[in-house]
>>> print(open('protein21.txt').read())   # compact mmCIF, C-alpha atoms
# COMPACT_ATOMS: atom_id res chain seq x y z
CA MET J 7 190.35 188.15 64.97
CA LYS J 8 187.35 188.85 62.81
CA GLN J 9 189.64 189.87 59.94
CA ILE J 10 191.69 186.69 60.30
CA TYR J 11 188.52 184.61 60.33
CA ALA J 12 187.17 186.34 57.21
CA ILE J 13 190.42 185.87 55.31
CA SER J 14 190.56 182.23 56.32
CA LEU J 15 187.00 181.66 55.09
CA PHE J 16 187.76 183.38 51.78
CA VAL J 17 190.85 181.29 51.06
CA ALA J 18 189.09 178.12 52.24
CA GLY J 19 186.31 178.85 49.77
CA LEU J 20 188.82 179.20 46.97
CA LEU J 21 190.45 175.95 48.04
CA PHE J 22 187.11 174.16 48.06
CA THR J 23 186.36 175.45 44.56
CA ALA J 24 189.75 174.36 43.26
CA CYS J 25 189.37 170.86 44.75
CA SER J 26 185.71 170.32 43.86
CA THR J 27 184.74 167.70 41.30
CA PRO J 28 184.17 169.28 37.84
CA LYS J 29 180.77 168.80 36.25
CA ASP J 30 182.21 168.23 32.80
CA ILE J 31 183.70 164.77 33.41
CA THR J 32 180.81 162.27 33.52
CA TYR J 33 179.49 161.06 30.14
CA LEU J 34 175.81 161.10 29.16
CA GLN J 35 174.80 163.14 32.19
CA ASP J 36 171.25 163.79 31.05
CA LEU J 37 170.29 160.11 30.70
CA LYS J 38 168.49 158.18 33.44
CA ASP J 39 168.12 154.47 34.12
CA GLY J 40 165.53 152.91 31.83
CA GLN J 41 165.23 156.01 29.65
CA THR J 42 164.65 155.49 25.92
CA VAL J 43 166.37 157.77 23.42
CA GLN J 44 165.54 157.91 19.71
CA THR J 45 168.62 157.49 17.49
CA LEU J 46 169.14 158.12 13.79
CA SER J 47 168.51 155.19 11.47
CA TYR J 48 171.84 153.64 10.49
CA LYS J 49 172.16 150.50 8.39
CA GLY J 50 175.91 150.16 8.77
CA ILE J 51 179.14 151.10 7.00
CA THR J 52 178.75 151.33 3.23
CA LEU J 53 181.56 150.74 0.76
CA LYS J 54 183.25 153.62 -1.06
CA PRO J 55 185.71 153.84 -3.98
CA SER J 56 189.22 152.68 -2.95
CA ASP J 57 187.85 150.46 -0.17
CA ALA J 58 189.14 146.88 -0.19
CA VAL J 59 187.07 143.83 0.63
CA SER J 60 187.63 140.10 0.85
CA ILE J 61 185.05 138.05 -1.06
CA VAL J 62 184.83 134.29 -0.54
CA VAL J 63 182.45 132.20 -2.66
CA ASN J 64 181.47 128.60 -1.95
CA THR J 65 179.66 126.55 -4.57
CA LYS J 66 178.58 122.94 -5.03
CA THR J 67 181.74 122.01 -6.95
CA THR J 68 185.35 122.37 -5.82
CA GLU J 69 186.53 123.32 -9.31
CA LEU J 70 184.12 126.25 -9.60
CA THR J 71 184.83 127.37 -6.04
CA ASN J 72 188.55 127.45 -6.83
CA LEU J 73 187.93 129.52 -9.97
CA LEU J 74 185.85 132.08 -8.08
CA ASN J 75 188.33 132.54 -5.22
CA LEU J 76 191.62 134.15 -6.18
CA PRO J 77 194.51 132.60 -4.22
CA LEU J 78 196.89 134.81 -2.30
CA SER J 79 199.93 132.85 -3.42
CA THR J 80 200.90 132.79 -7.06
CA GLN J 81 201.17 129.49 -8.83
CA VAL J 82 204.71 128.12 -9.03
CA ILE J 83 205.84 127.37 -12.59
CA GLY J 84 205.47 123.66 -13.24
CA ALA J 85 203.28 123.03 -10.20
CA SER J 86 199.80 121.60 -10.56
CA GLN J 87 196.70 123.67 -9.85
CA ALA J 88 195.93 121.50 -6.81
CA THR J 89 199.38 122.17 -5.38
CA ALA J 90 199.05 125.91 -5.88
CA LEU J 91 195.64 125.96 -4.21
CA ALA J 92 196.94 123.89 -1.32
CA GLN J 93 199.68 126.42 -0.73
CA SER J 94 197.23 129.31 -0.64
CA HIS J 95 196.32 130.56 2.84
CA GLY J 96 193.29 132.63 1.88
CA THR J 97 191.84 134.80 -0.82
CA SER J 98 193.03 138.11 -2.11
CA GLY J 99 191.07 141.32 -1.77
CA TYR J 100 189.19 143.39 -4.30
CA THR J 101 189.63 147.16 -4.35
CA LEU J 102 186.72 149.26 -5.56
CA ASP J 103 187.73 151.46 -8.47
CA SER J 104 186.90 155.16 -8.83
CA GLU J 105 183.40 154.25 -9.98
CA GLY J 106 182.80 151.82 -7.12
CA ASN J 107 183.19 148.61 -9.16
CA ILE J 108 185.25 145.45 -8.73
CA ASP J 109 186.38 143.07 -11.46
CA PHE J 110 185.21 139.61 -10.40
CA PRO J 111 186.28 136.29 -11.97
CA LEU J 112 184.00 134.88 -14.71
CA VAL J 113 181.46 137.74 -14.46
CA GLY J 114 183.42 140.98 -14.87
CA LYS J 115 182.46 144.24 -13.19
CA ILE J 116 180.17 144.31 -10.16
CA HIS J 117 179.09 147.62 -8.60
CA LEU J 118 179.49 147.58 -4.81
CA ALA J 119 179.80 151.26 -3.82
CA GLY J 120 177.06 152.37 -1.44
CA LEU J 121 176.38 148.83 -0.21
CA THR J 122 176.90 147.34 3.23
CA ARG J 123 178.79 144.06 3.67
CA GLU J 124 175.57 142.05 3.62
CA GLU J 125 174.23 143.94 0.60
CA ALA J 126 177.53 143.42 -1.23
CA ALA J 127 177.35 139.68 -0.58
CA VAL J 128 173.79 139.61 -1.95
CA GLN J 129 174.88 141.59 -5.03
CA VAL J 130 177.74 139.20 -5.81
CA LYS J 131 175.47 136.18 -5.32
CA ARG J 132 172.76 137.69 -7.55
CA THR J 133 175.30 138.47 -10.29
CA LEU J 134 176.72 134.93 -10.24
CA GLU J 135 173.21 133.48 -10.57
CA GLU J 136 172.09 135.94 -13.27
CA LYS J 137 175.21 135.14 -15.32
CA ASN J 138 174.53 131.42 -14.85
CA VAL J 139 177.98 131.00 -13.33
CA ALA J 140 176.87 129.40 -10.06
CA SER J 141 173.62 128.14 -8.59
CA ASN J 142 172.82 129.20 -5.04
CA PRO J 143 176.41 130.11 -4.04
CA VAL J 144 177.30 131.13 -0.49
CA VAL J 145 179.08 134.49 -0.52
CA THR J 146 180.93 136.07 2.41
CA VAL J 147 182.24 139.65 2.32
CA GLU J 148 184.65 141.11 4.90
CA PHE J 149 186.30 144.52 5.25
CA LEU J 150 190.05 144.67 4.61
CA ASN J 151 191.50 148.18 4.78
CA LEU J 152 188.79 150.18 6.55
CA LYS J 153 190.21 152.33 9.36
CA PHE J 154 189.59 155.39 11.52
CA SER J 155 192.03 157.59 13.44
CA VAL J 156 191.97 159.11 16.93
CA MET J 157 194.07 162.15 17.90
CA GLY J 158 194.41 164.45 20.89
CA GLU J 159 193.83 163.84 24.58
CA VAL J 160 193.20 160.08 24.70
CA GLY J 161 194.97 157.10 26.21
CA HIS J 162 196.80 156.26 23.00
CA THR J 163 196.40 157.92 19.63
CA GLY J 164 196.66 156.08 16.33
CA GLU J 165 194.88 154.35 13.49
CA PHE J 166 192.35 151.63 14.26
CA THR J 167 190.79 148.91 12.11
CA ILE J 168 187.07 148.73 11.39
CA ASN J 169 186.05 145.08 11.62
CA ARG J 170 182.34 145.45 12.31
CA ASP J 171 179.38 146.99 10.52
CA LYS J 172 178.66 149.44 13.34
CA ILE J 173 181.19 151.11 15.65
CA SER J 174 179.96 153.98 17.81
CA ILE J 175 182.14 156.90 18.80
CA ILE J 176 182.03 155.59 22.38
CA GLU J 177 183.48 152.27 21.21
CA ALA J 178 186.01 154.06 19.01
CA LEU J 179 187.26 156.17 21.90
CA SER J 180 187.38 153.06 24.08
CA GLN J 181 189.74 151.45 21.59
CA ALA J 182 191.96 154.53 21.97
CA GLY J 183 192.04 154.15 25.75
CA ASP J 184 189.22 156.66 26.41
CA LEU J 185 189.70 160.38 26.99
CA ASN J 186 192.32 161.20 29.57
CA LEU J 187 191.79 163.77 32.34
CA TYR J 188 192.89 166.55 30.02
CA GLY J 189 190.38 165.79 27.25
CA LYS J 190 187.59 168.26 26.57
CA ARG J 191 184.49 166.10 26.81
CA ASP J 192 181.95 168.66 25.66
CA SER J 193 183.57 169.24 22.25
CA VAL J 194 184.95 166.17 20.47
CA PHE J 195 185.44 166.71 16.73
CA VAL J 196 184.85 164.15 13.99
CA TYR J 197 186.28 164.99 10.55
CA ARG J 198 184.58 163.02 7.77
CA GLN J 199 185.09 162.89 4.02
CA GLU J 200 181.76 163.37 2.25
CA GLY J 201 182.19 163.46 -1.51
CA ASP J 202 184.79 166.04 -2.40
CA ALA J 203 184.51 167.91 0.90
CA LYS J 204 185.43 167.42 4.55
CA LYS J 205 182.59 167.77 7.02
CA VAL J 206 183.19 168.55 10.69
CA TYR J 207 180.93 167.28 13.48
CA ALA J 208 181.24 168.61 17.04
CA ILE J 209 180.00 166.13 19.63
CA SER J 210 179.46 166.51 23.37
CA MET J 211 180.08 163.32 25.35
CA LEU J 212 178.16 164.89 28.24
CA ASP J 213 174.81 165.27 26.46
CA GLY J 214 173.41 161.79 25.79
CA ARG J 215 170.42 162.85 23.69
CA THR J 216 172.52 164.98 21.34
CA LEU J 217 175.27 162.37 21.12
CA LEU J 218 173.01 159.43 20.29
CA SER J 219 171.18 161.39 17.59
CA SER J 220 174.32 162.78 15.93
CA PRO J 221 175.19 161.66 12.36
CA ALA J 222 178.72 161.08 13.67
CA TYR J 223 177.63 158.76 16.50
CA TYR J 224 178.57 155.81 14.29
CA ILE J 225 182.09 155.93 12.87
CA GLU J 226 182.77 155.56 9.15
CA GLN J 227 185.93 154.58 7.29
CA GLY J 228 188.42 157.42 7.08
CA ASP J 229 186.96 159.34 10.05
CA VAL J 230 189.41 161.32 12.16
CA ILE J 231 188.38 161.85 15.80
CA TYR J 232 190.09 164.74 17.58
CA VAL J 233 189.79 165.30 21.32
CA GLN J 234 190.66 168.88 22.27
CA PRO J 235 192.68 169.74 25.38
CA ASN J 236 190.72 171.28 28.24
CA ASN J 237 191.62 174.57 29.90
CA TYR J 238 193.80 172.88 32.49
CA ARG J 239 195.95 171.32 29.77
CA LYS J 240 196.11 174.63 27.91
CA ARG J 241 197.31 176.39 31.03
CA GLN J 242 200.06 173.82 31.37
CA SER J 243 201.54 175.08 28.14
CA SER J 244 202.72 178.22 29.96
CA ALA J 245 205.43 177.98 32.63
CA ASN J 246 204.10 177.35 36.16
CA ALA J 247 200.56 178.29 35.09
CA SER J 248 199.10 175.00 36.34
CA GLU J 249 200.34 175.67 39.87
CA VAL J 250 197.52 178.16 40.37
CA THR J 251 194.90 175.42 40.22
CA THR J 252 196.58 172.91 42.56
CA ALA J 253 195.51 172.24 46.14
CA SER J 254 199.06 172.74 47.40
CA PHE J 255 199.06 176.27 45.98
CA TRP J 256 195.91 177.22 47.85
CA LEU J 257 197.15 175.63 51.06
CA SER J 258 200.33 177.64 50.77
CA ALA J 259 198.31 180.79 50.02
CA LEU J 260 196.12 180.15 53.07
CA SER J 261 199.19 179.77 55.28
CA VAL J 262 200.83 182.95 53.96
CA LEU J 263 197.66 185.05 54.23
CA THR J 264 196.97 183.78 57.73
CA THR J 265 200.50 184.67 58.79
CA ILE J 266 200.17 188.15 57.29
CA ALA J 267 196.82 188.66 58.97
CA VAL J 268 198.25 187.67 62.34
CA LEU J 269 201.11 190.13 61.95
CA VAL J 270 198.88 192.97 60.78
CA PHE J 271 195.93 192.64 63.14
CA LYS J 272 197.47 191.29 66.32
>>> encode(input="protein21.txt", output="structure tokens")
Amino acid sequence: MKQIYAISLFVAGLLFTACSTPKDITYLQDLKDGQTVQTLSYKGITLKPSDAVSIVVNTKTTELTNLLNLPLSTQVIGASQATALAQSHGTSGYTLDSEGNIDFPLVGKIHLAGLTREEAAVQVKRTLEEKNVASNPVVTVEFLNLKFSVMGEVGHTGEFTINRDKISIIEALSQAGDLNLYGKRDSVFVYRQEGDAKKVYAISMLDGRTLLSSPAYYIEQGDVIYVQPNNYRKRQSSANASEVTTASFWLSALSVLTTIAVLVFK
């Protein structure tokens, strides 16, 4: 009976281990309520060559405002300017060239690379005033084609639009449906274009201090986030390998071993 009892305890221990809650699931495990964590200074997404932005300018006169805002629709031959403007449903975008400039109506080239949305609006306004084109115009700049991608073990992979100045990796993963149960939370990769090279950042979602201070905590345009599969998912790639880690397997093993022990030691 002692042998049966020992075998039962051994298998029960294995079963408990297999069914226990993993410690690598909960995010930001090291952070406590009310705790303050120092983060890197981040002013927001800055524009790069090939980025597209929408620029809307409002001035004191309708005529000047119309000249400074390119209509989306083209003017129909024979139609008046007022008719063409009435048919327009917005303004077209400006794409930064390889040097980070845009070609703006009445003023020519304006350098916007390296500027945030707010800074770009200030730059356009300053240029219009310096060129004596408009006095105290109101300029609004919005992102058009800025995106990031999420791959791997998440709710739904794909490409997502950047519509705010700051999007954290937590918010980015939330848009992708969060990591699923098979996602490796202690090693999420962010691939980022920096100049002519790709830089790779490895982030742990479990370590709050490291995560919040990472240069990749805030997402930039063109970032690719890749969530690796955990060991359980990797084992699933081989036939029947995942059965070893299931509770039903250990229950079956306990039953078989108990039966064998009864037959051997009775």
>>> residues_around(input="protein21.txt", residues="Leu121 (chain J)", least_positions_apart="2", cutoff="9 Å", atoms="only C-alpha atoms", output="list of chain:residue names")
J:Ile51, J:Thr52, J:Leu53, J:Lys54, J:His117, J:Leu118, J:Ala119, J:Arg123, J:Glu124, J:Glu125, J:Ala126, J:Gln129
>>> residues_around(input="protein21.txt", residues="Val62 (chain J)", least_positions_apart="6", cutoff="12 Å", atoms="all atoms listed in the file", output="count of residues only")
25
>>> atom_distance(input="protein21.txt", atom1="CA of Ser47 (chain J)", atom2="CA of Ser220 (chain J)")
10.5 Å
>>> closest_residue(input="protein21.txt", among="J:Thr122, J:Ser104, J:Asn138, J:Ser60", to="Asp171 (chain J)", atoms="all atoms listed in the file")
J:Thr122
>>> residues_around(input="protein21.txt", residues="Ser219 (chain J)", least_positions_apart="6", cutoff="9 Å", atoms="all atoms listed in the file", output="list in words")
Val43, Gln44, Thr45 and Leu46 of chain J
>>> atom_distance(input="protein21.txt", atom1="CA of Asp39 (chain J)", atom2="CA of Met211 (chain J)")
17.3 Å
>>> atom_distance(input="protein21.txt", atom1="CA of Ser193 (chain J)", atom2="CA of Phe154 (chain J)")
18.5 Å
>>> residues_around(input="protein21.txt", residues="Ile173 (chain J)", least_positions_apart="3", cutoff="7 Å", atoms="only C-alpha atoms", output="JSON, numbers by chain")
{"J": [170, 177, 178, 224, 225]}
>>> closest_residue(input="protein21.txt", among="J:Glu226, J:Glu159, J:Asp202, J:Asp57", to="Ile108 (chain J)", atoms="only C-alpha atoms")
J:Asp57
>>> closest_residue(input="protein21.txt", among="J:Val63, J:Ile231, J:Leu217, J:Leu150", to="Leu179 (chain J)", atoms="all atoms listed in the file")
J:Ile231
>>> closest_residue(input="protein21.txt", among="J:Glu135, J:Asp213, J:Asp192, J:Asp229", to="Ser174 (chain J)", atoms="only C-alpha atoms")
J:Asp229
>>> closest_residue(input="protein21.txt", among="J:Leu134, J:Ile168, J:Leu152, J:Val194", to="Gln181 (chain J)", atoms="all atoms listed in the file")
J:Ile168
>>> closest_residue(input="protein21.txt", among="J:Ala140, J:Tyr223, J:Lys204, J:Thr101", to="Val113 (chain J)", atoms="only C-alpha atoms")
J:Ala140
